[in-house]
Amino acid sequence: MRTMKKILLIFGLFVSIVSCEKLQQTPENIANSDSLTDFGGVLNAAYYYQLGSVTPMAVMGDFRADNAQMQEEPYSSFDRYNSDLLDMEDQFFEPFYIAMYRSILSANNVIENEGNAGLVGEAKFLRALSYFKLVRVFGDVTINLTSGDLNNDLTRQPVSRVYNDVIIPDLLDAISSLDNSGLSSGRATQIAAESLLGKVYMQLGQYGMAEIYLEQAITSAPSAGVSLQANFADIFGSVNDLNSEIIFATQMSVSVPDEYGFTEFTGWYIGNDSKAFEPLDMDLVAAFDAAGDVDRKGTSVDESTLSGTKYGFEDPDQDWIELRLADIVLLYAEALNENGSAATTVLPLLDDIRTRAGLPVLDPAVLSTQELVRQAIADERRLELAFEGQRWFDLVRTGTVDAEMGEIISPVYHLFPIPTSEILASDGVITQNPGY
C-alpha cells in the first residue's frame with residue numbers, strides 16, 4: 001500500500017471531527033487552531049476531501065459531453081440541456097460542492113497556522129485545485145480564505161476574482177515553496193503546481209502565460225522522474241497507480257470509506273449501474289475509427305458491451321488522474337499554436353503521444369494552418385483523454401460545444417446548477433445559476 005493511502009487510513013477519526021454538513025456551518029467539535037501543534041492531519045483531510053469530487057467530475061466531464069450517455073430518467077438529463085439537471089443535485093452536485101469546501105476549509109487551517117512552508121505549499125495547491133474545480137463547474141462561487149465561520153460573506157464572487165485573488169496566487173506560492181520530492185508518495189509537488197497553473201491560464205485564454213508554465217512543467221519533468229509511459233494501457237488500473245506519467249492524482253483506496261455514497265467513477269464508465277448500463281456514446285467510437293486509433297480504442301472502450309474500459313473492472317483502489325504528462329504536452333502544443341508558432345514547431349510535440357498509440361506522426365505540410373493544427377490537437381485530446389473527465393470542460397473552454405455536440409446549446413447550460421440545499425441554507429445569499 002502506498003504512502004498516501006497509509007496516511008489516509010491514519011486520519012479517519014480526524015476526518016469525522018472536521019466534517020461539516022453544509023457550507024455555511026462551522027464544523028462542530030473541531031479543535032481550536034491554537035490547541036493544535038501538528039497540522040499534518042488537517043492537511044491530510046484536505047487531500048481526503050478531494051475524493052468527493054472524483055465521480056461527479058467524471059460524470060460531468062464525459063456524460064455531459066459526447067463520450068458517454070445515461071439511459072434512465074432522470075439521469076438522462078445529462079444528455080439534455082435544460083433545467084432538468086436539477087434533479088441530479090443529491091447524487092452529483094451537492095456532494096461535490098460540499099467536498100470541495102471541506103477541502104478548502106482544511107487547507108485554510110493549514111495555511112493560517114502551519115509554520116512549515118512545504119506543508120503550506122501543499123495546502124495552497126489543494127485550495128487552488130478545489131477552487132479551479134468549483135469555478136469550472138459552477139462559475140461564480142463563494143470565496144473563503146479563513147478556517148473560521150463562513151457566515152461572514154457567502155455571496156458568490158466573480159470567476160475573475162476567484163482566479164486572480166485565490167487560484168493564481170496560491171499556485172504561484174506553491175511553485176515557490178514546493179519541490180518534487182512528494183511525487184513518489186502522491187503529494188502535491190512543484191511540477192503539479194506548474195502544470196495546474198498552465199492549465200488555469202489555458203482555461204482563461206491567456207496563452208502566453210500558459211505557455212510559460214506548461215513549458216516549465218515539461219522542462220522539469222525528466223529531473224522529477226516524470227515521463228510518458230511506453231504503453232498507453234500501462235497508465236491505468238490500480239496496478240499502475242503513480243506510474244511515471246502521473247503528475248498528480250486523487251488517491252483512492254478500498255480501505256478508506258469515500259464520503260461519496262454512490263457508484264464510483266469506474267462503475268459508471270463500465271456500465272455497472274442500471275442508469276447507464278451501456279454508457280458508451282457511439283460518437284466516441286466513430287472518432288477512434290476515423291483516426292484509425294486501434295490501440296487507444298482497445299484500451300478505452302469495448303464496442304461489444306458499449307462501455308468504457310479504460311480502468312478495467314470496477315476497482316475501488318483505482319486512483320483518479322488529475323494531471324498527467326500527455327495532457328500537459330497537448331495543452332502546451334495548443335498554447336504554442338494559439339500564440340502563432342508554426343505547425344513545424346507545434347505538431348512534433350504530438351509525435352511521442354501518437355507513436356505510442358501506433359499512429360503516424362502528423363505532417364506540418366498538410367496541417368499547415370493554425371485552424372488545422374487547432375483541430376488536430378483537439379482531436380488528439382479527445383482520444384487520449386477519453387473517460388478522464390476532460391471532454392466537456394475542453395469543449396466549453398475552446399468554445400466548441402455547439403460544433404462538437406451538433407446542436408445549439410445555451411451558454412447558461414455550460415455550467416451546472418448550484419445545489420438548492422446550499423441556497424436554502426444560506427437564506428438565499430447564495431444564488432442559483434441562470435437557467436436553473
# chains A, B, ... in the order shown; residues from 1 in each chain; ligands from 1

$ select_by_dssp --residues "segment 371-402 of chain A" --states "alpha helix (DSSP H)" --output "PyMOL selection string"
chain A and resi 371-384+391-398+401-402

$ write_last_selection --atoms "N, CA and C atoms" --output "compact mmCIF listing (two decimals), in the first residue's frame"
# COMPACT_ATOMS: atom_id res chain seq x y z
N GLU A 371 -5.72 26.85 -37.84
CA GLU A 371 -7.01 26.19 -37.61
C GLU A 371 -6.88 24.67 -37.75
N LEU A 372 -6.14 24.21 -38.74
CA LEU A 372 -5.96 22.76 -38.91
C LEU A 372 -5.20 22.16 -37.73
N VAL A 373 -4.19 22.86 -37.27
CA VAL A 373 -3.43 22.38 -36.11
C VAL A 373 -4.31 22.39 -34.87
N ARG A 374 -5.10 23.42 -34.71
CA ARG A 374 -6.03 23.52 -33.57
C ARG A 374 -6.96 22.31 -33.52
N GLN A 375 -7.52 21.96 -34.68
CA GLN A 375 -8.44 20.83 -34.72
C GLN A 375 -7.70 19.52 -34.45
N ALA A 376 -6.50 19.39 -34.97
CA ALA A 376 -5.73 18.17 -34.75
C ALA A 376 -5.44 17.96 -33.27
N ILE A 377 -5.10 19.05 -32.58
CA ILE A 377 -4.83 18.94 -31.13
C ILE A 377 -6.11 18.61 -30.37
N ALA A 378 -7.22 19.23 -30.75
CA ALA A 378 -8.50 18.94 -30.10
C ALA A 378 -8.89 17.47 -30.29
N ASP A 379 -8.70 16.96 -31.50
CA ASP A 379 -9.00 15.55 -31.78
C ASP A 379 -8.10 14.64 -30.94
N GLU A 380 -6.84 15.01 -30.84
CA GLU A 380 -5.89 14.20 -30.07
C GLU A 380 -6.27 14.18 -28.59
N ARG A 381 -6.68 15.32 -28.07
CA ARG A 381 -7.08 15.38 -26.67
C ARG A 381 -8.29 14.49 -26.41
N ARG A 382 -9.24 14.48 -27.33
CA ARG A 382 -10.42 13.66 -27.10
C ARG A 382 -10.06 12.18 -26.99
N LEU A 383 -9.23 11.70 -27.89
CA LEU A 383 -8.91 10.28 -27.91
C LEU A 383 -7.94 9.89 -26.80
N GLU A 384 -6.99 10.74 -26.52
CA GLU A 384 -6.01 10.47 -25.47
C GLU A 384 -6.64 10.51 -24.08
N ARG A 391 -13.53 16.01 -21.35
CA ARG A 391 -14.13 16.37 -22.63
C ARG A 391 -15.05 17.59 -22.54
N TRP A 392 -16.04 17.58 -21.65
CA TRP A 392 -16.98 18.69 -21.58
C TRP A 392 -16.26 20.00 -21.27
N PHE A 393 -15.33 19.96 -20.35
CA PHE A 393 -14.63 21.18 -19.95
C PHE A 393 -13.72 21.68 -21.07
N ASP A 394 -13.18 20.79 -21.88
CA ASP A 394 -12.42 21.21 -23.06
C ASP A 394 -13.33 21.91 -24.07
N LEU A 395 -14.52 21.35 -24.29
CA LEU A 395 -15.45 21.95 -25.26
C LEU A 395 -15.86 23.35 -24.82
N VAL A 396 -16.16 23.50 -23.54
CA VAL A 396 -16.55 24.82 -23.03
C VAL A 396 -15.37 25.78 -23.13
N ARG A 397 -14.20 25.32 -22.74
CA ARG A 397 -13.01 26.18 -22.75
C ARG A 397 -12.68 26.68 -24.14
N THR A 398 -12.84 25.83 -25.15
CA THR A 398 -12.46 26.20 -26.51
C THR A 398 -13.61 26.78 -27.33
N VAL A 401 -18.60 23.83 -28.07
CA VAL A 401 -19.71 22.99 -27.59
C VAL A 401 -20.70 22.70 -28.71
N ASP A 402 -21.21 23.76 -29.35
CA ASP A 402 -22.25 23.57 -30.36
C ASP A 402 -21.73 22.76 -31.55

$ closest_atom_pairs --of "segment 178-284 of chain A" --to "segment 340-362 of chain A" --cutoff "8 Å" --atoms "only C-alpha atoms" --output "CSV"
residue,atom,partner,partner_atom,distance
A:Leu228,CA,A:Ile353,CA,8.0
A:Ala230,CA,A:Arg356,CA,6.5
A:Asn231,CA,A:Arg356,CA,6.4
A:Phe232,CA,A:Arg356,CA,6.7

$ write_last_selection --atoms "N, CA and C atoms" --output "short mmCIF file (atom, residue, chain, number, x, y, z; two decimals), in the first residue's frame"
data_model
loop_
_atom_site.label_atom_id
_atom_site.label_comp_id
_atom_site.auth_asym_id
_atom_site.auth_seq_id
_atom_site.Cartn_x
_atom_site.Cartn_y
_atom_site.Cartn_z
N LEU A 228 6.45 9.93 -20.27
CA LEU A 228 5.36 9.17 -20.87
C LEU A 228 5.59 7.68 -20.68
N ALA A 230 5.56 3.91 -21.88
CA ALA A 230 5.81 3.34 -23.20
C ALA A 230 4.53 2.77 -23.81
N ASN A 231 3.67 2.20 -22.96
CA ASN A 231 2.42 1.60 -23.41
C ASN A 231 1.25 2.37 -22.82
N PHE A 232 0.32 2.79 -23.67
CA PHE A 232 -0.82 3.57 -23.23
C PHE A 232 -1.60 2.86 -22.13
#

$ closest_residue --among "A:Tyr97, A:Ser421, A:Asp317, A:Glu73" --to "Pro257 of chain A" --atoms "only C-alpha atoms"
A:Asp317

$ closest_atom_pairs --of "segment 130-233 of chain A" --to "segment 109-124 of chain A" --cutoff "10 Å" --atoms "only C-alpha atoms" --output "tab-separated table"
residue	atom	partner	partner_atom	distance
A:Ser130	CA	A:Lys124	CA	9.7
A:Leu145	CA	A:Glu112	CA	9.1
A:Thr146	CA	A:Asn109	CA	7.0
A:Ser147	CA	A:Asn109	CA	5.0
A:Gly148	CA	A:Asn109	CA	8.5
A:Val166	CA	A:Lys124	CA	9.1
A:Ile167	CA	A:Lys124	CA	8.5
A:Pro169	CA	A:Lys124	CA	8.8
A:Asp170	CA	A:Lys124	CA	5.1
A:Leu171	CA	A:Lys124	CA	6.7
A:Leu172	CA	A:Lys124	CA	9.2
A:Asp173	CA	A:Gly121	CA	6.5
A:Ala174	CA	A:Gly121	CA	4.3
A:Ile175	CA	A:Gly121	CA	7.6
A:Ser176	CA	A:Gly121	CA	8.1
A:Ser177	CA	A:Gly121	CA	5.6
A:Leu178	CA	A:Gly118	CA	5.6
A:Asp179	CA	A:Gly118	CA	8.2
A:Gly182	CA	A:Glu122	CA	9.8
A:Arg187	CA	A:Glu122	CA	7.5
A:Ala188	CA	A:Glu122	CA	5.4
A:Thr189	CA	A:Glu122	CA	7.3
A:Gln190	CA	A:Gly121	CA	8.9
A:Ala193	CA	A:Glu122	CA	9.1

$ write_last_selection --atoms "C-alpha atoms" --output "PDB file, in the first residue's frame"
ATOM      1  CA  SER A 130     -10.601  22.906  -5.262  1.00  0.00           C
ATOM      2  CA  LEU A 145      -9.824  32.139   2.852  1.00  0.00           C
ATOM      3  CA  THR A 146     -10.113  31.541   6.595  1.00  0.00           C
ATOM      4  CA  SER A 147     -10.737  28.477   8.722  1.00  0.00           C
ATOM      5  CA  GLY A 148     -13.454  30.241  10.708  1.00  0.00           C
ATOM      6  CA  VAL A 166      -7.110  32.830  -4.999  1.00  0.00           C
ATOM      7  CA  ILE A 167      -6.174  30.263  -7.631  1.00  0.00           C
ATOM      8  CA  PRO A 169      -1.635  33.434  -6.176  1.00  0.00           C
ATOM      9  CA  ASP A 170      -1.976  30.080  -4.416  1.00  0.00           C
ATOM     10  CA  LEU A 171      -0.329  28.222  -7.280  1.00  0.00           C
ATOM     11  CA  LEU A 172       2.488  30.753  -7.544  1.00  0.00           C
ATOM     12  CA  ASP A 173       3.124  30.323  -3.813  1.00  0.00           C
ATOM     13  CA  ALA A 174       3.002  26.553  -4.198  1.00  0.00           C
ATOM     14  CA  ILE A 175       5.543  26.656  -7.029  1.00  0.00           C
ATOM     15  CA  SER A 176       7.939  28.723  -4.920  1.00  0.00           C
ATOM     16  CA  SER A 177       7.636  26.581  -1.780  1.00  0.00           C
ATOM     17  CA  LEU A 178       7.418  23.030  -3.147  1.00  0.00           C
ATOM     18  CA  ASP A 179       9.939  20.691  -4.725  1.00  0.00           C
ATOM     19  CA  GLY A 182       6.487  14.213  -2.986  1.00  0.00           C
ATOM     20  CA  ARG A 187       1.583  14.507  -2.643  1.00  0.00           C
ATOM     21  CA  ALA A 188       1.399  17.942  -4.264  1.00  0.00           C
ATOM     22  CA  THR A 189       4.662  18.992  -5.921  1.00  0.00           C
ATOM     23  CA  GLN A 190       6.225  21.880  -7.782  1.00  0.00           C
ATOM     24  CA  ALA A 193       1.582  23.346  -9.341  1.00  0.00           C
TER      25      ALA A 193
END

$ closest_residue --among "A:Val239, A:Leu43, A:Ile246, A:Ala335" --to "Tyr201 of chain A" --atoms "only C-alpha atoms"
A:Ala335

$ atom_distance --atom1 "atom CA of Asp289 of chain A" --atom2 "atom CA of Val301 of chain A"
11.7 Å

$ residues_around --residues "segment 320-333 of chain A" --least-positions-apart "4" --cutoff "9 Å" --atoms "only C-alpha atoms" --output "PyMOL selection string"
chain A and resi 51+54-55+192+195-196+198-199+202+210-215+217-218+221+226-228+236+241+244-252+265+337-338+345-350+353+377-378+380-381+384-385+388

$ atom_distance --atom1 "atom CA of Ala287 of chain A" --atom2 "atom CA of Gln71 of chain A"
21.4 Å

$ select_by_dssp --residues "segment 278-390 of chain A" --states "strand (DSSP E)" --output "ChimeraX atom specification"
/A:301-302,307-308,320-324

$ closest_residue --among "A:Ala365, A:Ala403, A:Ala276, A:Val412" --to "Glu72 of chain A" --atoms "only C-alpha atoms"
A:Ala276

$ closest_residue --among "A:Gly237, A:Met282, A:Asn108, A:Asp363" --to "Gln318 of chain A" --atoms "only C-alpha atoms"
A:Gly237

$ atom_distance --atom1 "atom CA of Ile418 of chain A" --atom2 "atom CA of Phe93 of chain A"
7.1 Å

$ residues_around --residues "segment 133-140 of chain A" --least-positions-apart "2" --cutoff "7 Å" --atoms "only C-alpha atoms" --output "PyMOL selection string"
chain A and resi 129-131+156-159+415-418

$ closest_residue --among "A:Ala68, A:Leu367, A:Ile191, A:Gly40" --to "Phe277 of chain A" --atoms "only C-alpha atoms"
A:Ala68

$ closest_residue --among "A:Gln69, A:Thr431, A:Gln206, A:Asn44" --to "Ser103 of chain A" --atoms "only C-alpha atoms"
A:Asn44
